[in-house]
Structures are given as structure tokens and as C-alpha cells.
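Visitor: The following file, model.txt, comprises compact mmCIF, C-alpha atoms:
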```txt
# COMPACT_ATOMS: atom_id res chain seq x y z
CA MET A 1 -23.12 29.14 -3.65
CA ILE A 2 -22.96 25.62 -5.02
CA GLU A 3 -22.64 27.06 -8.52
CA TYR A 4 -19.50 28.96 -7.54
CA ILE A 5 -17.95 25.89 -5.92
CA SER A 6 -18.57 23.67 -8.91
CA GLY A 7 -17.46 26.42 -11.27
CA LEU A 8 -14.21 26.67 -9.35
CA LEU A 9 -13.82 22.88 -9.50
CA VAL A 10 -14.36 22.94 -13.28
CA ILE A 11 -11.67 25.60 -13.71
CA ILE A 12 -9.14 23.82 -11.48
CA GLY A 13 -9.92 20.46 -13.10
CA SER A 14 -9.47 21.72 -16.63
CA PHE A 15 -6.26 23.48 -15.57
CA PHE A 16 -4.89 20.16 -14.35
CA CYS A 17 -5.90 18.50 -17.63
CA LEU A 18 -4.07 21.26 -19.52
CA VAL A 19 -0.97 20.81 -17.36
CA ALA A 20 -1.11 17.06 -18.00
CA SER A 21 -1.07 17.54 -21.74
CA VAL A 22 1.68 20.19 -21.60
CA GLY A 23 3.65 17.84 -19.37
CA LEU A 24 3.40 15.10 -22.00
CA ILE A 25 5.38 17.35 -24.35
CA ARG A 26 7.73 19.07 -21.91
CA LEU A 27 8.95 16.30 -19.63
CA PRO A 28 12.15 14.53 -20.66
CA ASP A 29 11.48 10.77 -20.76
CA VAL A 30 8.71 8.16 -20.87
CA LEU A 31 8.53 7.51 -17.15
CA THR A 32 8.29 11.16 -16.14
CA ARG A 33 5.73 11.70 -18.88
CA MET A 34 3.62 8.91 -17.44
CA HIS A 35 3.70 10.83 -14.15
CA ALA A 36 2.12 13.86 -15.76
CA ALA A 37 -0.32 11.96 -17.97
CA THR A 38 -1.94 9.78 -15.32
CA LYS A 39 -1.77 11.86 -12.16
CA ALA A 40 -2.70 15.31 -13.32
CA GLY A 41 -5.10 13.77 -15.84
CA SER A 42 -7.01 11.66 -13.35
CA LEU A 43 -7.14 14.45 -10.76
CA GLY A 44 -8.36 16.87 -13.42
CA ALA A 45 -11.03 14.55 -14.77
CA GLY A 46 -12.04 13.61 -11.23
CA LEU A 47 -12.55 17.26 -10.31
CA LEU A 48 -14.60 17.88 -13.46
CA VAL A 49 -16.88 14.93 -12.71
CA THR A 50 -17.18 15.97 -9.04
CA ALA A 51 -18.23 19.44 -10.11
CA HIS A 52 -21.06 17.98 -12.20
CA ALA A 53 -22.19 15.69 -9.39
CA LEU A 54 -22.33 18.70 -7.03
CA LEU A 55 -24.27 20.84 -9.47
CA TYR A 56 -26.91 18.24 -10.39
CA PRO A 57 -27.90 16.35 -7.23
CA GLN A 58 -29.81 13.55 -8.95
CA LEU A 59 -29.37 9.89 -8.26
CA GLY A 60 -28.47 8.90 -11.83
CA ILE A 61 -25.84 11.58 -12.20
CA SER A 62 -24.34 10.92 -8.75
CA LEU A 63 -24.08 7.19 -9.46
CA ARG A 64 -22.54 7.84 -12.85
CA ALA A 65 -20.03 10.26 -11.31
CA VAL A 66 -18.98 7.72 -8.69
CA THR A 67 -18.63 5.04 -11.39
CA ILE A 68 -16.53 7.29 -13.63
CA VAL A 69 -14.18 8.28 -10.79
CA ALA A 70 -13.83 4.67 -9.65
CA LEU A 71 -13.05 3.46 -13.17
CA LEU A 72 -10.52 6.28 -13.65
CA LEU A 73 -8.77 5.49 -10.39
CA PHE A 74 -8.64 1.78 -11.18
CA THR A 75 -7.52 1.94 -14.81
CA ALA A 76 -5.10 4.89 -14.92
CA PRO A 77 -2.37 3.40 -12.68
CA VAL A 78 -2.58 0.00 -14.37
CA ALA A 79 -2.13 1.58 -17.79
CA ALA A 80 0.70 3.79 -16.54
CA HIS A 81 2.43 0.81 -14.96
CA LEU A 82 2.16 -1.27 -18.14
CA ILE A 83 3.37 1.53 -20.41
CA GLY A 84 6.24 2.39 -18.07
CA ARG A 85 7.28 -1.21 -17.65
CA THR A 86 7.13 -1.92 -21.36
CA ALA A 87 9.17 1.19 -22.11
CA TYR A 88 11.78 0.27 -19.52
CA ARG A 89 12.06 -3.33 -20.65
CA SER A 90 12.39 -2.39 -24.29
CA GLY A 91 15.39 -0.26 -23.36
CA GLU A 92 13.92 3.20 -23.68
CA ALA A 93 16.55 5.71 -22.55
CA LEU A 94 15.92 7.45 -19.25
CA SER A 95 16.54 11.17 -19.01
CA ASP A 96 20.09 12.20 -18.12
CA ARG A 97 18.85 13.72 -14.87
CA THR A 98 18.09 10.22 -13.56
CA TRP A 99 20.73 9.66 -10.91
CA ILE A 100 19.90 6.28 -9.44
CA ASP A 101 18.51 3.13 -11.08
CA GLU A 102 18.21 0.13 -8.82
CA LEU A 103 16.21 -1.79 -11.40
CA LYS A 104 19.19 -1.93 -13.78
CA GLY A 105 20.41 -5.48 -14.20
CA GLN A 106 17.58 -6.95 -12.16
CA ASN A 107 15.03 -8.63 -14.37
CA ASN A 108 14.61 -6.13 -17.10
CA ALA A 109 16.01 -8.06 -20.06
CA LEU A 110 13.58 -8.54 -22.89
CA ASP A 111 14.33 -12.27 -23.13
CA ASP A 112 13.52 -12.67 -19.45
CA HIS A 113 10.25 -14.35 -20.26
CA PRO A 114 10.65 -16.19 -23.57
CA PRO A 115 7.33 -16.78 -25.31
CA SER A 116 6.05 -20.24 -24.51
CA ASP A 117 4.56 -21.04 -27.90
CA MET B 1 -18.17 -7.59 6.13
CA PRO B 2 -22.00 -7.63 6.40
CA LEU B 3 -22.07 -4.60 8.71
CA PHE B 4 -20.59 -2.54 5.90
CA ILE B 5 -23.41 -3.63 3.59
CA LEU B 6 -25.93 -2.88 6.34
CA ASN B 7 -24.40 0.58 6.70
CA ILE B 8 -24.72 1.23 2.97
CA PHE B 9 -28.30 -0.02 3.17
CA LEU B 10 -29.07 2.48 5.96
CA ALA B 11 -27.59 5.26 3.82
CA ALA B 12 -29.77 4.13 0.89
CA VAL B 13 -32.83 4.17 3.16
CA LEU B 14 -32.14 7.80 4.06
CA MET B 15 -31.75 8.66 0.37
CA VAL B 16 -35.07 7.03 -0.48
CA LEU B 17 -36.84 8.67 2.46
CA THR B 18 -35.60 12.15 1.63
CA GLY B 19 -36.20 11.54 -2.06
CA SER B 20 -32.86 13.09 -2.85
CA GLY B 21 -30.20 11.48 -4.99
CA SER B 22 -27.27 13.66 -4.10
CA ILE B 23 -24.03 12.15 -2.96
CA SER B 24 -23.90 14.33 0.15
CA VAL B 25 -27.14 12.77 1.43
CA PHE B 26 -25.53 9.37 0.96
CA PHE B 27 -22.53 10.37 3.05
CA LEU B 28 -24.80 11.88 5.70
CA GLY B 29 -26.80 8.65 5.78
CA PHE B 30 -23.62 6.62 5.97
CA ALA B 31 -22.36 8.66 8.93
CA LEU B 32 -25.75 8.40 10.66
CA GLY B 33 -25.90 4.68 10.01
CA TYR B 34 -22.41 4.27 11.37
CA VAL B 35 -23.43 5.99 14.60
CA ILE B 36 -26.53 3.76 14.84
CA LEU B 37 -24.47 0.62 14.30
CA TRP B 38 -21.88 1.82 16.80
CA VAL B 39 -24.52 2.40 19.47
CA THR B 40 -25.87 -1.10 18.91
CA SER B 41 -22.40 -2.65 18.66
CA PRO B 42 -22.87 -5.05 21.64
CA LEU B 43 -25.21 -6.94 19.29
CA TYR B 44 -22.34 -7.87 16.96
CA PRO B 45 -19.54 -9.25 19.13
CA GLN B 46 -17.50 -10.82 16.31
CA THR B 47 -17.10 -7.86 14.01
CA ARG B 48 -13.93 -5.88 13.32
CA TYR B 49 -15.88 -3.24 11.44
CA PHE B 50 -15.50 -0.51 14.05
CA LYS B 51 -11.73 -0.90 14.13
CA LYS B 52 -11.41 -1.10 10.35
CA LEU B 53 -13.41 1.88 9.16
CA PRO B 54 -11.28 4.57 10.89
CA LYS B 55 -8.22 2.96 9.29
CA VAL B 56 -9.88 3.03 5.87
CA LEU B 57 -10.74 6.70 6.45
CA SER B 58 -7.18 7.48 7.49
CA LEU B 59 -5.89 5.76 4.33
CA VAL B 60 -8.28 7.73 2.14
CA LEU B 61 -7.42 11.07 3.77
CA TYR B 62 -3.67 10.35 3.64
CA PHE B 63 -4.04 9.42 -0.02
CA LEU B 64 -5.99 12.58 -0.89
CA LYS B 65 -3.40 14.74 0.89
CA GLU B 66 -0.53 13.07 -0.97
CA LEU B 67 -2.47 13.40 -4.22
CA LEU B 68 -2.83 17.16 -3.82
CA VAL B 69 0.64 17.98 -2.48
CA SER B 70 2.58 16.01 -5.04
CA ASN B 71 0.29 17.01 -7.90
CA LEU B 72 1.34 20.59 -7.20
CA ARG B 73 5.01 19.60 -7.43
CA VAL B 74 4.47 17.89 -10.78
CA LEU B 75 2.53 20.97 -11.89
CA TRP B 76 5.42 23.22 -10.87
CA GLU B 77 7.87 21.04 -12.79
CA VAL B 78 5.73 21.25 -15.91
CA ILE B 79 4.94 24.97 -15.98
CA THR B 80 8.28 26.42 -14.92
CA PRO B 81 10.98 26.58 -17.60
CA ARG B 82 13.77 25.04 -15.53
CA HIS B 83 13.66 21.34 -14.71
CA ILE B 84 14.00 20.77 -10.99
CA SER B 85 13.21 17.07 -10.92
CA ARG B 86 15.82 14.50 -9.96
CA PRO B 87 14.21 11.25 -11.09
CA GLY B 88 15.43 7.83 -10.07
CA ILE B 89 14.28 4.24 -9.70
CA ILE B 90 14.45 2.73 -6.23
CA GLY B 91 13.66 -0.78 -5.06
CA VAL B 92 11.27 -0.79 -2.12
CA PRO B 93 11.24 -4.04 -0.12
CA LEU B 94 7.61 -5.09 0.26
CA SER B 95 5.88 -6.41 3.34
CA ALA B 96 2.73 -7.02 1.29
CA ARG B 97 2.45 -10.68 0.30
CA THR B 98 -0.84 -11.54 -1.36
CA ASP B 99 -1.77 -10.48 -4.89
CA LEU B 100 -4.42 -8.07 -3.67
CA GLU B 101 -2.12 -6.36 -1.18
CA ILE B 102 0.63 -5.88 -3.77
CA PHE B 103 -1.98 -4.65 -6.26
CA MET B 104 -3.29 -2.06 -3.80
CA VAL B 105 0.18 -0.82 -2.80
CA ALA B 106 1.41 -0.60 -6.40
CA ASN B 107 -1.74 1.08 -7.70
CA LEU B 108 -2.01 3.64 -4.91
CA LEU B 109 1.70 4.41 -5.36
CA SER B 110 1.13 4.92 -9.08
CA LEU B 111 -1.83 7.17 -8.36
CA THR B 112 0.13 9.46 -6.05
CA PRO B 113 2.02 11.80 -8.33
CA GLY B 114 5.76 11.68 -8.10
CA THR B 115 5.86 7.92 -7.72
CA LEU B 116 5.18 5.31 -10.39
CA SER B 117 5.54 1.59 -9.83
CA VAL B 118 7.59 0.27 -12.74
CA ASP B 119 8.32 -3.36 -12.00
CA LEU B 120 8.10 -6.12 -9.43
CA SER B 121 11.07 -8.36 -8.76
CA GLU B 122 10.82 -12.01 -9.72
CA ASP B 123 10.37 -13.22 -6.14
CA ARG B 124 7.70 -10.54 -5.53
CA LYS B 125 9.64 -9.04 -2.65
CA ILE B 126 10.85 -5.77 -4.16
CA LEU B 127 8.72 -3.19 -5.89
CA PHE B 128 10.67 -0.93 -8.21
CA VAL B 129 9.34 2.59 -8.02
CA HIS B 130 10.18 5.52 -10.26
CA VAL B 131 10.34 8.64 -8.11
CA MET B 132 10.29 12.02 -9.79
CA PHE B 133 11.69 14.19 -7.01
CA LEU B 134 14.25 11.94 -5.35
CA GLU B 135 16.60 13.56 -2.86
CA ASP B 136 17.56 10.68 -0.61
CA ALA B 137 16.91 7.11 -1.73
CA GLN B 138 16.84 5.61 1.78
CA ALA B 139 14.50 8.29 3.08
CA ALA B 140 12.16 7.81 0.11
CA LYS B 141 12.06 4.04 0.69
CA ALA B 142 11.31 4.53 4.38
CA GLY B 143 8.67 7.11 3.50
CA ILE B 144 6.85 4.70 1.20
CA LYS B 145 7.11 1.80 3.64
CA ASN B 146 5.97 3.72 6.71
CA GLY B 147 3.45 5.93 4.94
CA LEU B 148 1.43 4.27 2.25
CA GLU B 149 2.29 0.60 2.65
CA LYS B 150 1.74 0.56 6.40
CA ARG B 151 -1.69 2.13 6.01
CA VAL B 152 -2.70 -0.23 3.19
CA LEU B 153 -1.62 -3.26 5.20
CA GLU B 154 -3.50 -2.03 8.26
CA VAL B 155 -6.63 -2.00 6.15
CA MET B 156 -6.04 -5.23 4.26
CA GLN B 157 -4.70 -7.46 7.01
CA PRO B 158 -6.96 -8.59 9.86
```
Could you take the file, read its structure, and then write that structure out as C-alpha cells?

Guide:
Amino acid sequence: MIEYISGLLVIIGSFFCLVASVGLIRLPDVLTRMHAATKAGSLGAGLLVTAHALLYPQLGISLRAVTIVALLLFTAPVAAHLIGRTAYRSGEALSDRTWIDELKGQNNALDDHPPSD
Amino acid sequence: MPLFILNIFLAAVLMVLTGSGSISVFFLGFALGYVILWVTSPLYPQTRYFKKLPKVLSLVLYFLKELLVSNLRVLWEVITPRHISRPGIIGVPLSARTDLEIFMVANLLSLTPGTLSVDLSEDRKILFVHVMFLEDAQAAKAGIKNGLEKRVLEVMQP
């Protein structure tokens, strides 16, 4: 029984990883690509790790699984935020389907924070 | 929150006693320990632990639900040939004040697919969020404020 569950989790997880990488190519601009890369990626990797933790109920593997998932969930959004913010501030064009941009003209100029040294 | 540590300790005791290292035994031990602590709760008059943990659970469940639902929408956008997304950047006024609260709100927003926190205004009052499937800007702002932010603040604030 547990084998089937974790096998299913592996398949779903790797499908999400595949979708994430296809999304990186197919989606129109940087910000939407970050959506695909971090979300589908972290869910996919999380499911893969969960499947392993279910299949091998040993303390070392469980602890490692928890650590991996925690690190993924902490680092992925920070990286996505930094990449997205850098892209926006350096004037990367948004896709033409973007219909509202309340950040425009706020504090997005590159010389907003001049280097102190 | 020493009761939380005590609860984890009780879960660890069950793991050691059963000699099993699986994560499900830990959760079973945690639930058992929670019941034990709840029964003996007159011993700890000062604690807010029993009010906080259900809120943490509700945040986690809400987050997992959002994660699944909106992941499927992103998936649909990627695998179907037509683009259905209507992306946009909206400014959400924040009620979160401290660094940790803003960090939690921004990170959990970024983790839920369909929303990505792009920037924070200079006075730290507005969080600019890139939304992938934006139909109504006001409704999306209200959804973020009343859904995720409210739950995070319930957990973080005393």
C-alpha cells in the first residue's frame, strides 16, 4: 500500500518538476517565469522528498526530508523575490498581457539607492 | 513558548519508546502530547499555547490548499497552448509591521503560486505583488488581506 502511495507521489512530483521547466520556456516574461520556476518546482521537489520519507521510515531519512523541505520552502521565495525585483528594477519588459502595474513610478528607479561607497 | 518544546519532547519520547523513526509516529506523538498537555492545562495558567496552535494549524491547512489549487492553474497555463493569464502588479496595503511579520507575509505569498511579492514600498506600508491571474484588482487585494495576511498576523501577534 505504502509503495503505491509513494510511487504516486513520485510521479506527481516529477510531473510538477517537468511543468516547471516547460513553464520556464513557455511563459512570456521574467515575473511569470518565476511563478512557474519556484512554485511548481518546490511543490514537485517537496512531493519527491515526501515520497522517500514515506517509503523509508527511518529517523535519519525522516529528519533529512524535513530539513530539505524546510530549506526549499525558506529559500525558494527569497530567491524568486530577489530575481523578480532585480528584473523589474533593471527595466525588464513585462509581457503585453499585463494590464495593471501599480508599482510603476513608485520606487523602482535604478538610482533609487545610490551606492554609498 | 516552552509548552511547544515540551510537546515536541513528548513526541520524541514516543519515537524513542516505539523505536521507530518515521515521521507519522512523530505526528502521532505530537497529537498525543497535545492532548496530555491540554488535559493538564490548569497547571500552566499563563500560556497562550492552546489558543495559538489551532491558528497555526489553520494557517498551514489554508496554505496547503492555496498551494494545490493555484499550482493547478499555473500548470494549466503552462501545458495548454493558449495563454489565459492576465498578469498585473497590485499594491497591497500591509497591516504587518515588524520585519518578521512582513517576511512571513511576503514569503508565504511568494510560495503560493499565482502571487509573487516583487517589492516593498519605501515606508514599508505597501507590498507590491505580481498576480498571474488577475481579474479584479480590488478583490485580489481584499483576498490577500483577509486570507493570508489575517491568518499570519493571528499567528504572529499575541

Visitor: From the options B:Leu153, B:Ile126, B:Ile90, B:Leu108, which residue's atoms come nearest to His81 of chain A, counting all atoms listed in the file?

Guide: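 Residue with the minimum atom-to-atom distance to His81 of chain A: B:Leu108.
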
Visitor: For a quick check of understanding, using all atoms listed in the file, which of B:Val78, B:Leu10, B:Leu53, B:Leu111 has the smallest distance to Glu66 of chain B?

Guide: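 Looking only at the distances to Glu66 of chain B, the closest residue turns out to be B:Leu111.
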
Visitor: Only residues of chain A matter here; which ones have an atom within 9 Å of chain B, counting only C-alpha atoms? Give them as number ranges by chain.

Guide: A: 16, 19-20, 22-24, 26-27, 31-32, 34-36, 38-40, 42-43, 53-54, 56-63, 66, 73-74, 76-78, 80-86, 88, 95, 97-104, 106-108

Visitor: At what distance in Å, to one decimal, does atom CA of Gly147 of chain B lie from atom CA of Ile102 of chain B?

Guide: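 Separation of atom CA of Ile102 of chain B and atom CA of Gly147 of chain B: 14.9 Å.
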
Visitor: Would you mind listing what lies within 8 Å of Ala45 of chain A as a list in words, with only C-alpha atoms counted and same-chain residues fewer than 3 positions away left out?

Guide: Gly13, Ser14, Cys17, Gly41, Ser42, Leu48 and Val49 of chain A

Visitor: For atom CA of Leu14 of chain B and atom CA of Ser41 of chain B, determine how far apart the two atoms are, in Å to one decimal place.

Guide: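 Separating atom CA of Leu14 of chain B from atom CA of Ser41 of chain B is a distance of 20.4 Å.
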
Visitor: For atom CA of Lys150 of chain B and atom CA of Ala70 of chain A, quote the distance in Å rounded to one decimal.

Guide: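 Computed distance, atom CA of Lys150 of chain B to atom CA of Ala70 of chain A, equals 22.7 Å.
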
Visitor: Using only C-alpha atoms, which residues sit within 12 Å of Ile5 of chain A once same-chain residues fewer than 4 positions away are excluded, as a ChimeraX atom specification?

Guide: /A:1,9-12,47-48,50-55

Visitor: Show me as a list in words the residues that reach within 8 Å of (6.5, -1.6, 7.2), counting all atoms listed in the file and using the file's own coordinates.

Guide: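 The distance filter leaves exactly Leu94, Ser95, Lys145, Asn146, Glu149 and Lys150 of chain B.
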
Visitor: Can you report as lines of an AutoDock Vina configuration file the centre and edge lengths in Å, to one decimal, of an axis-aligned box around the listed atoms of segment 35-50 of chain A padded with 5 Å on each side?

Guide:
```
center_x = -6.7
center_y = 13.8
center_z = -13.5
size_x = 30.9
size_y = 18.1
size_z = 18.9
```

Visitor: Please reconstruct the missing atoms of segment 4-27 of chain B (target: N, CA and C atoms) and return them as a short mmCIF file (atom, residue, chain, number, x, y, z; two decimals), in the frame of the given file.

Guide:
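Listed below is the output, selection_16.cif:
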```cif
data_model
loop_
_atom_site.label_atom_id
_atom_site.label_comp_id
_atom_site.auth_asym_id
_atom_site.auth_seq_id
_atom_site.Cartn_x
_atom_site.Cartn_y
_atom_site.Cartn_z
N PHE B 4 -20.84 -3.58 6.90
CA PHE B 4 -20.59 -2.54 5.90
C PHE B 4 -21.77 -2.44 4.93
N ILE B 5 -22.26 -3.61 4.50
CA ILE B 5 -23.41 -3.63 3.59
C ILE B 5 -24.65 -3.06 4.28
N LEU B 6 -24.81 -3.42 5.57
CA LEU B 6 -25.93 -2.88 6.34
C LEU B 6 -25.84 -1.36 6.43
N ASN B 7 -24.61 -0.87 6.61
CA ASN B 7 -24.40 0.58 6.70
C ASN B 7 -24.77 1.27 5.39
N ILE B 8 -24.36 0.67 4.27
CA ILE B 8 -24.72 1.23 2.97
C ILE B 8 -26.23 1.20 2.80
N PHE B 9 -26.85 0.10 3.27
CA PHE B 9 -28.30 -0.02 3.17
C PHE B 9 -28.99 1.10 3.95
N LEU B 10 -28.48 1.39 5.16
CA LEU B 10 -29.07 2.48 5.96
C LEU B 10 -28.94 3.81 5.23
N ALA B 11 -27.77 4.02 4.59
CA ALA B 11 -27.59 5.26 3.82
C ALA B 11 -28.59 5.32 2.67
N ALA B 12 -28.81 4.16 2.00
CA ALA B 12 -29.77 4.13 0.89
C ALA B 12 -31.18 4.41 1.39
N VAL B 13 -31.50 3.91 2.60
CA VAL B 13 -32.83 4.17 3.16
C VAL B 13 -33.04 5.67 3.34
N LEU B 14 -31.99 6.36 3.86
CA LEU B 14 -32.14 7.80 4.06
C LEU B 14 -32.33 8.51 2.72
N MET B 15 -31.61 8.03 1.68
CA MET B 15 -31.75 8.66 0.37
C MET B 15 -33.16 8.49 -0.16
N VAL B 16 -33.71 7.28 0.01
CA VAL B 16 -35.07 7.03 -0.48
C VAL B 16 -36.07 7.88 0.30
N LEU B 17 -35.89 7.94 1.63
CA LEU B 17 -36.84 8.67 2.46
C LEU B 17 -36.83 10.16 2.14
N THR B 18 -35.64 10.73 1.94
CA THR B 18 -35.60 12.15 1.63
C THR B 18 -35.91 12.42 0.17
N GLY B 19 -35.92 11.36 -0.64
CA GLY B 19 -36.20 11.54 -2.06
C GLY B 19 -35.13 12.31 -2.79
N SER B 20 -33.93 12.33 -2.22
CA SER B 20 -32.86 13.09 -2.85
C SER B 20 -31.77 12.13 -3.32
N GLY B 21 -31.20 12.39 -4.46
CA GLY B 21 -30.20 11.48 -4.99
C GLY B 21 -28.80 12.01 -4.88
N SER B 22 -28.61 13.06 -4.08
CA SER B 22 -27.27 13.66 -4.10
C SER B 22 -26.31 12.84 -3.25
N ILE B 23 -25.04 12.97 -3.61
CA ILE B 23 -24.03 12.15 -2.96
C ILE B 23 -23.82 12.58 -1.51
N SER B 24 -24.12 13.87 -1.22
CA SER B 24 -23.90 14.33 0.15
C SER B 24 -24.91 13.69 1.09
N VAL B 25 -26.15 13.46 0.60
CA VAL B 25 -27.14 12.77 1.43
C VAL B 25 -26.68 11.36 1.73
N PHE B 26 -26.04 10.73 0.72
CA PHE B 26 -25.53 9.37 0.96
C PHE B 26 -24.50 9.37 2.07
N PHE B 27 -23.56 10.33 2.01
CA PHE B 27 -22.53 10.37 3.05
C PHE B 27 -23.12 10.68 4.42
#
```
